[in-house]
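Asker: Okay, so here is structure.pdb, and as you'll see once you scroll down, it has PDB, C-alpha atoms and all ligand atoms.
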```
ATOM      1  CA  MET M 978      22.478  31.385 105.189
ATOM      2  CA  THR M 979      18.869  30.351 104.677
ATOM      3  CA  ARG M 980      16.196  32.545 103.116
ATOM      4  CA  GLU M 981      14.727  33.123 106.566
ATOM      5  CA  ALA M 982      18.126  34.152 107.948
ATOM      6  CA  PHE M 983      18.618  36.527 105.014
ATOM      7  CA  GLU M 984      15.266  38.164 105.742
ATOM      8  CA  ARG M 985      16.188  38.543 109.422
ATOM      9  CA  VAL M 986      19.561  40.068 108.502
ATOM     10  CA  VAL M 987      17.973  42.517 106.052
ATOM     11  CA  ARG M 988      15.436  43.646 108.635
ATOM     12  CA  GLN M 989      17.973  43.826 111.449
ATOM     13  CA  TRP M 990      20.949  45.413 109.686
ATOM     14  CA  GLY M 991      19.533  47.119 106.580
ATOM     15  CA  SER M 992      19.326  50.440 108.345
ATOM     16  CA  ARG M 993      22.863  50.166 109.779
ATOM     17  CA  VAL M 994      24.168  49.654 106.256
ATOM     18  CA  HIS M 995      22.106  52.604 105.073
ATOM     19  CA  SER M 996      23.316  54.802 107.940
ATOM     20  CA  HIS M 997      26.949  54.025 107.160
ATOM     21  CA  ALA M 998      26.353  54.948 103.525
ATOM     22  CA  VAL M 999      24.584  58.193 104.510
ATOM     23  CA  TRP M1000      27.471  59.230 106.772
ATOM     24  CA  MET M1001      30.049  58.262 104.208
ATOM     25  CA  LEU M1002      28.394  59.815 101.154
ATOM     26  CA  ARG M1003      26.044  62.505 102.549
ATOM     27  CA  ASP M1004      23.786  61.852  99.567
ATOM     28  CA  ARG M1005      20.412  60.241 100.201
ATOM     29  CA  GLU M1006      19.965  58.648  96.786
ATOM     30  CA  GLU M1007      23.508  57.353  96.581
ATOM     31  CA  ALA M1008      23.222  55.979 100.107
ATOM     32  CA  ARG M1009      20.033  54.092  99.236
ATOM     33  CA  ASP M1010      21.665  52.694  96.123
ATOM     34  CA  VAL M1011      24.631  51.510  98.157
ATOM     35  CA  ALA M1012      22.377  49.932 100.801
ATOM     36  CA  GLN M1013      20.332  48.108  98.170
ATOM     37  CA  GLU M1014      23.337  46.935  96.232
ATOM     38  CA  THR M1015      25.005  45.717  99.430
ATOM     39  CA  LEU M1016      21.954  43.697 100.469
ATOM     40  CA  MET M1017      21.551  42.258  96.954
ATOM     41  CA  ARG M1018      25.211  41.203  97.053
ATOM     42  CA  LEU M1019      24.601  39.442 100.338
ATOM     43  CA  TRP M1020      21.744  37.546  98.683
ATOM     44  CA  LYS M1021      24.090  36.506  95.905
ATOM     45  CA  HIS M1022      26.737  35.353  98.394
ATOM     46  CA  ARG M1023      24.375  33.980 101.026
ATOM     47  CA  GLU M1024      25.817  30.462 100.746
ATOM     48  CA  GLU M1025      29.218  31.749 101.911
ATOM     49  CA  VAL M1026      28.127  34.195 104.627
ATOM     50  CA  HIS M1027      26.953  33.044 108.054
ATOM     51  CA  GLU M1028      24.211  34.939 109.799
ATOM     52  CA  ALA M1029      26.490  35.622 112.783
ATOM     53  CA  GLY M1030      29.059  37.387 110.587
ATOM     54  CA  ALA M1031      26.551  39.084 108.305
ATOM     55  CA  ARG M1032      26.741  42.510 109.932
ATOM     56  CA  GLU M1033      30.514  42.778 109.465
ATOM     57  CA  TRP M1034      30.252  41.433 105.923
ATOM     58  CA  LEU M1035      27.566  44.005 105.090
ATOM     59  CA  LEU M1036      29.534  46.913 106.542
ATOM     60  CA  ARG M1037      32.722  45.889 104.726
ATOM     61  CA  THR M1038      30.845  45.528 101.442
ATOM     62  CA  ALA M1039      28.915  48.781 101.918
ATOM     63  CA  HIS M1040      32.151  50.520 102.744
ATOM     64  CA  ARG M1041      33.844  49.325  99.541
ATOM     65  CA  LEU M1042      30.849  50.497  97.511
ATOM     66  CA  CYS M1043      30.909  53.867  99.300
ATOM     67  CA  ILE M1044      34.579  54.318  98.456
ATOM     68  CA  ASP M1045      33.877  53.554  94.791
ATOM     69  CA  ARG M1046      31.023  56.055  94.766
ATOM     70  CA  SER M1047      32.779  58.757  96.735
ATOM     71  CA  ARG M1048      35.585  58.627  94.164
ATOM     72  CA  ARG M1049      32.989  59.342  91.508
ATOM     73  CA  LEU M1050      31.358  62.053  93.608
ATOM     74  CA  SER M1051      34.635  63.529  94.838
ATOM     75  CA  VAL M1052      34.924  66.061  92.070
ATOM     76  CA  ARG M1053      31.660  67.587  93.212
ATOM     77  CA  ARG M1054      31.687  67.274  96.962
ATOM     78  CA  GLU M1055      34.574  65.714  98.838
ATOM     79  CA  VAL M1056      36.735  67.796 101.054
ATOM     80  CA  PRO M1057      40.376  66.832 101.592
ATOM     81  CA  ASP M1058      41.863  66.310 105.062
ATOM     82  CA  GLY M1059      41.433  69.392 107.158
ATOM     83  CA  PRO M1060      38.764  71.307 109.021
ATOM     84  CA  ALA M1061      38.078  73.728 106.175
ATOM     85  CA  GLY M1062      35.154  71.788 104.814
ATOM     86  CA  ILE M1063      33.151  71.484 108.003
ATOM     87  CA  GLU M1064      29.613  72.635 107.450
ATOM     88  CA  THR M1065      27.802  74.457 110.162
ATOM     89  CA  ALA M1066      24.119  73.778 110.551
ATOM     90  CA  ASP M1067      23.437  76.781 112.739
ATOM     91  CA  PRO M1068      25.865  79.704 113.069
ATOM     92  CA  ALA M1069      24.542  80.818 116.464
ATOM     93  CA  PRO M1070      23.572  77.729 118.409
ATOM     94  CA  ASP M1071      21.437  78.077 121.479
ATOM     95  CA  PRO M1072      23.478  76.744 124.437
ATOM     96  CA  ALA M1073      20.435  74.860 125.734
ATOM     97  CA  ARG M1074      20.113  73.018 122.414
ATOM     98  CA  LEU M1075      23.800  72.149 122.452
ATOM     99  CA  ALA M1076      23.180  69.920 125.434
ATOM    100  CA  ASP M1077      20.608  68.095 123.337
ATOM    101  CA  SER M1078      22.093  64.871 122.013
ATOM    102  CA  SER M1079      20.392  65.309 118.631
ATOM    103  CA  LEU M1080      22.190  68.604 118.157
ATOM    104  CA  LEU M1081      25.451  66.964 119.201
ATOM    105  CA  GLY M1082      24.673  64.336 116.565
ATOM    106  CA  GLU M1083      24.091  67.018 113.932
ATOM    107  CA  ARG M1084      27.355  68.725 114.823
ATOM    108  CA  LEU M1085      29.233  65.470 114.718
ATOM    109  CA  GLU M1086      27.746  64.513 111.360
ATOM    110  CA  SER M1087      28.899  67.850 109.985
ATOM    111  CA  ALA M1088      32.306  67.490 111.604
ATOM    112  CA  LEU M1089      32.690  64.027 110.077
ATOM    113  CA  LEU M1090      32.550  65.705 106.675
ATOM    114  CA  GLY M1091      35.751  67.508 107.524
ATOM    115  CA  LEU M1092      37.606  64.207 107.669
ATOM    116  CA  SER M1093      39.053  62.504 104.631
ATOM    117  CA  PRO M1094      36.940  59.565 103.428
ATOM    118  CA  ARG M1095      39.427  57.095 104.864
ATOM    119  CA  ASN M1096      39.542  58.737 108.287
ATOM    120  CA  ARG M1097      35.768  59.089 108.294
ATOM    121  CA  ALA M1098      35.529  55.378 107.580
ATOM    122  CA  VAL M1099      37.961  54.602 110.416
ATOM    123  CA  VAL M1100      35.845  56.616 112.860
ATOM    124  CA  LEU M1101      32.535  55.197 111.659
ATOM    125  CA  LEU M1102      33.635  51.567 111.604
ATOM    126  CA  ARG M1103      35.375  51.769 115.002
ATOM    127  CA  GLU M1104      33.432  54.285 117.080
ATOM    128  CA  VAL M1105      29.968  53.949 115.575
ATOM    129  CA  GLU M1106      29.820  50.318 114.468
ATOM    130  CA  GLY M1107      32.317  48.960 116.986
ATOM    131  CA  LEU M1108      34.184  46.687 114.566
ATOM    132  CA  GLY M1109      37.517  45.260 115.771
ATOM    133  CA  TYR M1110      40.782  47.001 114.918
ATOM    134  CA  GLU M1111      42.185  44.059 112.953
ATOM    135  CA  GLU M1112      39.005  43.761 110.952
ATOM    136  CA  ILE M1113      38.980  47.456 110.062
ATOM    137  CA  ALA M1114      42.679  47.447 109.185
ATOM    138  CA  GLU M1115      42.056  44.506 106.872
ATOM    139  CA  SER M1116      38.972  46.106 105.305
ATOM    140  CA  LEU M1117      40.790  49.354 104.645
ATOM    141  CA  SER M1118      44.064  47.627 103.711
ATOM    142  CA  ILE M1119      46.130  49.661 106.173
ATOM    143  CA  PRO M1120      48.517  48.536 108.940
ATOM    144  CA  LEU M1121      47.182  48.446 112.496
ATOM    145  CA  GLY M1122      49.521  51.243 113.636
ATOM    146  CA  THR M1123      48.372  53.497 110.797
ATOM    147  CA  LEU M1124      44.762  52.744 111.701
ATOM    148  CA  LYS M1125      45.247  53.728 115.357
ATOM    149  CA  ALA M1126      47.154  56.890 114.430
ATOM    150  CA  ALA M1127      44.367  57.847 112.000
ATOM    151  CA  LEU M1128      41.776  57.199 114.682
ATOM    152  CA  HIS M1129      43.625  59.368 117.236
ATOM    153  CA  ARG M1130      43.996  62.243 114.766
ATOM    154  CA  SER M1131      40.368  61.971 113.725
ATOM    155  CA  ARG M1132      39.072  61.992 117.306
ATOM    156  CA  GLU M1133      41.155  65.070 117.956
ATOM    157  CA  LYS M1134      39.820  66.804 114.821
ATOM    158  CA  LEU M1135      36.246  66.011 115.785
ATOM    159  CA  ARG M1136      36.864  67.294 119.301
ATOM    160  CA  GLU M1137      38.338  70.533 117.917
ATOM    161  CA  ALA M1138      35.411  70.919 115.541
ATOM    162  CA  LEU M1139      32.898  70.495 118.363
ATOM    163  CA  ALA M1140      34.845  72.918 120.561
ATOM    164  CA  ALA M1141      34.849  75.460 117.721
ATOM    165  CA  GLU M1142      31.073  75.031 117.485
ATOM    166  CA  GLY M1143      30.715  75.682 121.187
ATOM    167  CA  VAL M1144      29.875  72.102 122.066
ATOM    168  CA  SER M1145      31.660  71.560 125.338
ATOM    169  CA  PRO M1146      31.550  68.492 127.544
TER     170      PRO M1146
ATOM    171  CA  MET S1281      51.462  72.195 126.775
ATOM    172  CA  THR S1282      54.232  70.286 128.513
ATOM    173  CA  ASP S1283      55.701  66.907 127.578
ATOM    174  CA  ARG S1284      53.559  65.499 130.352
ATOM    175  CA  CYS S1285      50.446  66.902 128.667
ATOM    176  CA  GLY S1286      51.423  65.185 125.413
ATOM    177  CA  THR S1287      51.931  61.895 127.243
ATOM    178  CA  ALA S1288      48.631  62.287 129.103
ATOM    179  CA  ARG S1289      46.694  62.953 125.887
ATOM    180  CA  ASP S1290      48.294  59.944 124.255
ATOM    181  CA  LEU S1291      47.321  57.814 127.263
ATOM    182  CA  ALA S1292      43.772  59.149 127.054
ATOM    183  CA  GLN S1293      43.570  58.107 123.388
ATOM    184  CA  ARG S1294      44.853  54.634 124.240
ATOM    185  CA  ARG S1295      42.276  54.364 126.971
ATOM    186  CA  LEU S1296      39.633  55.159 124.366
ATOM    187  CA  ASP S1297      41.138  52.413 122.196
ATOM    188  CA  GLY S1298      40.362  50.000 124.994
ATOM    189  CA  GLU S1299      43.927  49.534 126.285
ATOM    190  CA  ARG S1300      43.863  48.778 129.989
ATOM    191  CA  ASP S1301      47.087  49.468 131.898
ATOM    192  CA  PRO S1302      46.720  50.310 135.613
ATOM    193  CA  ALA S1303      50.065  52.174 135.754
ATOM    194  CA  ALA S1304      49.171  54.298 132.706
ATOM    195  CA  GLU S1305      45.733  54.906 134.165
ATOM    196  CA  ALA S1306      47.218  56.137 137.444
ATOM    197  CA  ALA S1307      49.693  58.417 135.608
ATOM    198  CA  LEU S1308      46.879  59.874 133.499
ATOM    199  CA  ASN S1309      44.615  60.460 136.485
ATOM    200  CA  SER S1310      47.310  62.178 138.533
ATOM    201  CA  HIS S1311      48.105  64.488 135.584
ATOM    202  CA  LEU S1312      44.438  65.275 134.987
ATOM    203  CA  ALA S1313      44.116  66.203 138.674
ATOM    204  CA  ILE S1314      46.579  69.049 138.199
ATOM    205  CA  CYS S1315      46.097  70.071 134.530
ATOM    206  CA  PRO S1316      42.772  71.745 133.624
ATOM    207  CA  SER S1317      43.732  72.018 129.955
ATOM    208  CA  CYS S1318      44.187  68.226 129.600
ATOM    209  CA  ARG S1319      41.038  67.652 131.652
ATOM    210  CA  GLU S1320      39.084  69.675 129.127
ATOM    211  CA  ILE S1321      40.615  67.861 126.169
ATOM    212  CA  VAL S1322      40.041  64.407 127.631
ATOM    213  CA  ALA S1323      36.444  65.312 128.457
ATOM    214  CA  GLY S1324      36.027  66.607 124.887
ATOM    215  CA  LEU S1325      37.350  63.328 123.460
ATOM    216  CA  GLU S1326      34.894  61.449 125.634
ATOM    217  CA  THR S1327      32.059  63.647 124.377
ATOM    218  CA  VAL S1328      33.097  62.820 120.816
ATOM    219  CA  ARG S1329      33.094  59.103 121.672
ATOM    220  CA  GLU S1330      29.640  59.270 123.301
ATOM    221  CA  GLY S1331      28.215  61.435 120.541
ATOM    222  CA  LEU S1332      29.409  59.044 117.839
ATOM    223  CA  ARG S1333      27.953  56.063 119.666
ATOM    224  CA  ALA S1334      24.641  57.878 119.961
ATOM    225  CA  LEU S1335      24.425  59.048 116.328
ATOM    226  CA  PRO S1336      20.792  58.499 115.362
ATOM    227  CA  GLU S1337      20.377  55.701 112.842
ATOM    228  CA  ARG S1338      19.293  56.669 109.333
ATOM    229  CA  PRO S1339      16.634  54.034 108.629
ATOM    230  CA  LEU S1340      16.378  52.510 105.191
ATOM    231  CA  PRO S1341      12.824  53.426 104.085
ATOM    232  CA  GLY S1342      10.428  50.483 104.361
ATOM    233  CA  VAL S1343       9.575  50.599 100.662
ATOM    234  CA  PHE S1344      13.235  49.909  99.774
ATOM    235  CA  LEU S1345      13.433  47.105 102.300
ATOM    236  CA  GLU S1346      10.295  45.473 100.901
ATOM    237  CA  ASP S1347      11.620  45.863  97.361
ATOM    238  CA  ILE S1348      14.772  43.971  98.332
ATOM    239  CA  LEU S1349      12.723  41.183  99.929
ATOM    240  CA  ASP S1350      10.503  41.040  96.811
ATOM    241  CA  ARG S1351      13.528  40.647  94.565
ATOM    242  CA  THR S1352      15.180  38.009  96.733
ATOM    243  CA  VAL S1353      13.372  35.937  99.358
ATOM    244  CA  ARG S1354       9.860  36.210  97.931
ATOM    245  CA  ARG S1355      10.872  35.570  94.320
ATOM    246  CA  GLU S1356      12.862  32.528  95.430
ATOM    247  CA  ARG S1357       9.867  31.244  97.433
ATOM    248  CA  GLU S1358       7.697  31.462  94.298
ATOM    249  CA  ARG S1359      10.303  29.574  92.271
ATOM    250  CA  VAL S1360      10.520  26.801  94.831
ATOM    251  CA  ARG S1361       6.729  26.562  95.009
ATOM    252  CA  ALA S1362       6.553  26.263  91.204
ATOM    253  CA  ALA S1363       9.318  23.646  91.185
ATOM    254  CA  VAL S1364       7.651  21.555  93.871
ATOM    255  CA  TRP S1365       4.348  21.787  92.038
ATOM    256  CA  ALA S1366       5.980  20.732  88.749
ATOM    257  CA  ALA S1367       7.733  17.819  90.472
ATOM    258  CA  TRP S1368       4.465  16.627  91.972
ATOM    259  CA  ALA S1369       2.715  16.980  88.622
ATOM    260  CA  THR S1370       5.470  14.939  86.973
ATOM    261  CA  ALA S1371       5.280  12.242  89.617
ATOM    262  CA  ALA S1372       1.487  12.138  89.355
ATOM    263  CA  ALA S1373       1.636  11.813  85.555
ATOM    264  CA  ALA S1374       4.146   8.967  85.784
ATOM    265  CA  ALA S1375       2.096   7.217  88.471
ATOM    266  CA  THR S1376      -1.071   7.528  86.373
ATOM    267  CA  ILE S1377       0.613   5.916  83.382
ATOM    268  CA  VAL S1378       2.024   3.074  85.474
ATOM    269  CA  LEU S1379      -1.320   2.441  87.182
ATOM    270  CA  SER S1380      -3.225   2.486  83.916
ATOM    271  CA  LEU S1381      -0.786  -0.046  82.441
ATOM    272  CA  ILE S1382      -1.487  -2.354  85.397
ATOM    273  CA  LEU S1383      -5.245  -1.819  85.571
ATOM    274  CA  ILE S1384      -6.073  -2.164  81.873
ATOM    275  CA  ARG S1385      -4.665  -5.718  81.814
ATOM    276  CA  PRO S1386      -7.717  -8.023  81.682
ATOM    277  CA  GLY S1387      -7.953 -11.179  83.793
ATOM    278  CA  PRO S1388      -5.804 -12.576  86.592
ATOM    279  CA  PRO S1389      -2.002 -12.289  86.426
ATOM    280  CA  GLU S1390      -0.469 -14.792  84.060
ATOM    281  CA  ALA S1391       2.887 -15.398  82.504
ATOM    282  CA  PRO S1392       3.404 -12.695  79.852
ATOM    283  CA  ALA S1393       4.182 -13.734  76.311
ATOM    284  CA  GLY S1394       7.405 -12.440  74.751
ATOM    285  CA  ASP S1395       5.583  -9.823  72.643
ATOM    286  CA  GLU S1396       3.608  -8.679  75.719
ATOM    287  CA  LEU S1397       6.849  -8.029  77.579
ATOM    288  CA  ALA S1398       8.208  -6.136  74.610
ATOM    289  CA  ARG S1399       4.990  -4.074  74.470
ATOM    290  CA  ALA S1400       5.222  -3.368  78.212
ATOM    291  CA  ARG S1401       8.801  -2.211  77.759
ATOM    292  CA  ARG S1402       7.804   0.060  74.867
ATOM    293  CA  GLU S1403       4.975   1.526  76.954
ATOM    294  CA  ALA S1404       7.334   1.970  79.852
ATOM    295  CA  GLY S1405       9.678   3.801  77.489
ATOM    296  CA  ILE S1406       6.832   6.108  76.412
ATOM    297  CA  ALA S1407       5.862   6.703  80.044
ATOM    298  CA  LEU S1408       9.439   7.595  80.895
ATOM    299  CA  SER S1409       9.806   9.931  77.951
ATOM    300  CA  LEU S1410       6.530  11.645  78.923
ATOM    301  CA  ALA S1411       7.847  12.002  82.430
ATOM    302  CA  ALA S1412      11.113  13.383  81.075
ATOM    303  CA  GLY S1413       9.168  15.913  78.967
ATOM    304  CA  ALA S1414       7.270  17.055  82.027
ATOM    305  CA  MET S1415      10.560  17.322  83.827
ATOM    306  CA  ARG S1416      11.954  19.656  81.170
ATOM    307  CA  GLU S1417       8.839  21.771  81.563
ATOM    308  CA  ALA S1418       9.487  21.891  85.299
ATOM    309  CA  GLU S1419      13.074  22.937  84.690
ATOM    310  CA  ARG S1420      11.920  25.956  82.757
ATOM    311  CA  THR S1421       9.919  27.218  85.711
ATOM    312  CA  ALA S1422      12.200  26.241  88.534
ATOM    313  CA  ARG S1423      15.788  26.547  89.553
ATOM    314  CA  ASP S1424      18.163  23.782  88.523
ATOM    315  CA  ARG S1425      19.172  23.213  92.099
ATOM    316  CA  VAL S1426      15.649  22.445  93.261
ATOM    317  CA  ILE S1427      14.984  20.140  90.323
ATOM    318  CA  ALA S1428      18.229  18.308  90.994
ATOM    319  CA  GLU S1429      17.327  17.823  94.631
ATOM    320  CA  ARG S1430      13.760  16.682  94.210
ATOM    321  CA  VAL S1431      13.174  15.299  90.709
ATOM    322  CA  ALA S1432      16.402  13.619  89.624
ATOM    323  CA  PRO S1433      16.396  11.091  92.483
ATOM    324  CA  ALA S1434      12.772  10.251  91.644
ATOM    325  CA  LEU S1435      13.676   9.791  87.975
ATOM    326  CA  HIS S1436      16.490   7.441  88.919
ATOM    327  CA  ARG S1437      14.077   5.212  90.782
ATOM    328  CA  VAL S1438      11.638   4.810  87.846
ATOM    329  CA  PRO S1439      13.604   2.244  85.743
ATOM    330  CA  VAL S1440      14.339   0.209  88.884
ATOM    331  CA  ARG S1441      10.625   0.012  89.641
ATOM    332  CA  TRP S1442       9.923  -1.042  86.082
ATOM    333  CA  SER S1443      12.421  -3.913  86.159
ATOM    334  CA  ALA S1444      11.023  -4.980  89.524
ATOM    335  CA  PHE S1445       7.532  -4.819  88.029
ATOM    336  CA  ALA S1446       8.558  -6.887  85.005
ATOM    337  CA  ALA S1447      10.313  -9.430  87.250
ATOM    338  CA  SER S1448       7.269  -9.728  89.487
ATOM    339  CA  ARG S1449       5.182 -10.647  86.489
ATOM    340  CA  LYS S1450       7.445 -13.520  85.450
ATOM    341  CA  PRO S1451       6.049 -16.979  86.378
TER     342      PRO S1451
HETATM  343 ZN    ZN N   1      48.221  68.574 130.669
END
```
Using structure tokens, write down the structure that the file contains.

Answerer:
Amino acid sequence: MTREAFERVVRQWGSRVHSHAVWMLRDREEARDVAQETLMRLWKHREEVHEAGAREWLLRTAHRLCIDRSRRLSVRREVPDGPAGIETADPAPDPARLADSSLLGERLESALLGLSPRNRAVVLLREVEGLGYEEIAESLSIPLGTLKAALHRSREKLREALAAEGVSP
Amino acid sequence: MTDRCGTARDLAQRRLDGERDPAAEAALNSHLAICPSCREIVAGLETVREGLRALPERPLPGVFLEDILDRTVRRERERVRAAVWAAWATAAAAATIVLSLILIRPGPPEAPAGDELARARREAGIALSLAAGAMREAERTARDRVIAERVAPALHRVPVRWSAFAASRKP
């Protein structure tokens, strides 16, 4: 990848990398660190990475860094599998606001916290970033069947969390 | 929830995975037509899917982006610029020495005496070592890769030019 291509990739995908880190870590400073470290790693490996595959490379790398960090942060913040850790932004949501997509986004971001880091990663990489199943399975080192089962369970948990919050389709 | 509900919900998940099977699709649709509970669940799963796809991006602040470009692309550009400049300076110094050796010879070309040839070779040696010194200076300010690409080939050509020069001056 040339210097010009690197600059294009940074400008085009820097915020996607940052978003993934924010959703994975829920910590602004840590997320920025992860985004910066990921982009600096791409610079270091730019001879081996093609511009066309840069987005996937960045997300995989960011994800690995997030896992390393979330292990360090886990003592403080992480919630194990289960809906117990879901944070609610507003205990009495206004039904009109619930139709608002930004509120749906807020609810979903909170609901994502209720998933284990691995399941959250599955949902983010598949449903948000649209990576292929094989690619995600390889990145997370899990079999394809396990990945799909985790995705189904996670969708169902998110749906239940939204329903509990009064967000109905 | 009946067994059929379980099957329908599984089919709905597979549909979300992107699996396309007309028979499964028909079975799901006919169940949804008669089961409000599954209809609600499938609609909820679709809301989750749409909501996730529409999650607002969390932009990396511009100052961080610029910092990354400063530490990578821009720093590299400066290095290359310095390397190119040093290579040109080296080439110019070598060319000056060669030209001065030619121009300071008085009179028309004539067959060089043995000691003149030896002197020319010594001077050529000095010129080359000066050029090599300048090259080392360039290496300190530039990346090895750039030096290797631009300067080393030029250095290789210098002795060839000198032998051609010496040969051209033979009677
Ligand atoms: Zn049903």

Asker: Residues within 8 Å of ligand ZN 1 (chain N) (all atoms listed in the file), as an NGL selection string?

Answerer: :S and (1281-1282 or 1284-1286 or 1288-1289 or 1311-1312 or 1314-1319)

Asker: Could you work out an axis-aligned bounding box for all listed atoms of segment 1366-1375 of chain S, with 4 Å added on each of the six sides, and give its centre and edge lengths in Å to one decimal, as lines of an AutoDock Vina configuration file?

Answerer:
```
center_x = 4.6
center_y = 14.0
center_z = 88.8
size_x = 14.2
size_y = 21.5
size_z = 14.4
```

Asker: What do you get, as a ChimeraX atom specification, if you spell out every residue that the ChimeraX specification (/S :<8) & /M selects here?

Answerer: /M:980-981,983-984,987-988,991-993,995-996,999,1009,1012-1013,1016-1017,1020,1078-1079,1081-1082,1085,1101,1104-1106,1129,1132-1133,1135-1136,1140,1145-1146

Asker: With only C-alpha atoms as the basis for distance, which of M:Arg1041, M:Arg1084, M:Arg1032, M:Lys1134 is at the shortest distance from Leu1108 of chain M?

Answerer: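 For Leu1108 of chain M, the nearest of the candidates is M:Arg1032.
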
Asker: Pick the closest to Arg1097 of chain M from M:His1027, M:Arg1037, M:Arg1018, M:Arg1130: which is it, counting all atoms listed in the file?

Answerer: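 For Arg1097 of chain M, the nearest of the given residues is M:Arg1130.
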
Asker: Under the rule that all atoms listed in the file are counted, which of M:Leu1124, M:Ile1119, M:Ala1039, M:Leu1050 is the nearest residue to Val1099 of chain M?

Answerer: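 Result for the nearest residue to Val1099 of chain M: M:Leu1124.
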
Asker: Calculate how many Å separate atom CA of Thr1015 of chain M from atom CA of His1040 of chain M, rounding to one decimal.

Answerer: 9.2 Å

Asker: Atom CA of Thr1038 of chain M and atom CA of Glu1112 of chain M, how far apart in Å?

Answerer: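 Pair atom CA of Glu1112 of chain M / atom CA of Thr1038 of chain M returns 12.7 Å.
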
Asker: Neighbouring residues of segment 1403-1417 of chain S were defined as those with any atom within 7 Å, considering all atoms listed in the file; residues of the same chain fewer than 6 positions away were excluded. Please report them as number ranges by chain.

Answerer: S: 1370, 1373-1374, 1377

Asker: Report the distance between atom CA of Glu1137 of chain M and atom CA of Leu1080 of chain M in Å, rounded to one decimal place.

Answerer: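 Between these atoms lies a distance of 16.3 Å.
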
Asker: Could you write out as a PDB file with C-alpha atoms, in the coordinates of the input the residues that the PyMOL selection byres (((chain M and resi 1047) around 12) and not hetatm) matches in the shown file?

Answerer:
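And here is the file that came out, out_21.pdb:
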```pdb
ATOM      1  CA  ALA M 998      26.353  54.948 103.525  1.00  0.00           C
ATOM      2  CA  VAL M 999      24.584  58.193 104.510  1.00  0.00           C
ATOM      3  CA  TRP M1000      27.471  59.230 106.772  1.00  0.00           C
ATOM      4  CA  MET M1001      30.049  58.262 104.208  1.00  0.00           C
ATOM      5  CA  LEU M1002      28.394  59.815 101.154  1.00  0.00           C
ATOM      6  CA  ARG M1003      26.044  62.505 102.549  1.00  0.00           C
ATOM      7  CA  ASP M1004      23.786  61.852  99.567  1.00  0.00           C
ATOM      8  CA  GLU M1007      23.508  57.353  96.581  1.00  0.00           C
ATOM      9  CA  ALA M1008      23.222  55.979 100.107  1.00  0.00           C
ATOM     10  CA  VAL M1011      24.631  51.510  98.157  1.00  0.00           C
ATOM     11  CA  ALA M1039      28.915  48.781 101.918  1.00  0.00           C
ATOM     12  CA  HIS M1040      32.151  50.520 102.744  1.00  0.00           C
ATOM     13  CA  ARG M1041      33.844  49.325  99.541  1.00  0.00           C
ATOM     14  CA  LEU M1042      30.849  50.497  97.511  1.00  0.00           C
ATOM     15  CA  CYS M1043      30.909  53.867  99.300  1.00  0.00           C
ATOM     16  CA  ILE M1044      34.579  54.318  98.456  1.00  0.00           C
ATOM     17  CA  ASP M1045      33.877  53.554  94.791  1.00  0.00           C
ATOM     18  CA  ARG M1046      31.023  56.055  94.766  1.00  0.00           C
ATOM     19  CA  ARG M1048      35.585  58.627  94.164  1.00  0.00           C
ATOM     20  CA  ARG M1049      32.989  59.342  91.508  1.00  0.00           C
ATOM     21  CA  LEU M1050      31.358  62.053  93.608  1.00  0.00           C
ATOM     22  CA  SER M1051      34.635  63.529  94.838  1.00  0.00           C
ATOM     23  CA  VAL M1052      34.924  66.061  92.070  1.00  0.00           C
ATOM     24  CA  ARG M1053      31.660  67.587  93.212  1.00  0.00           C
ATOM     25  CA  ARG M1054      31.687  67.274  96.962  1.00  0.00           C
ATOM     26  CA  GLU M1055      34.574  65.714  98.838  1.00  0.00           C
ATOM     27  CA  VAL M1056      36.735  67.796 101.054  1.00  0.00           C
ATOM     28  CA  SER M1093      39.053  62.504 104.631  1.00  0.00           C
ATOM     29  CA  PRO M1094      36.940  59.565 103.428  1.00  0.00           C
ATOM     30  CA  ARG M1095      39.427  57.095 104.864  1.00  0.00           C
ATOM     31  CA  ARG M1097      35.768  59.089 108.294  1.00  0.00           C
ATOM     32  CA  ALA M1098      35.529  55.378 107.580  1.00  0.00           C
TER      33      ALA M1098
END
```
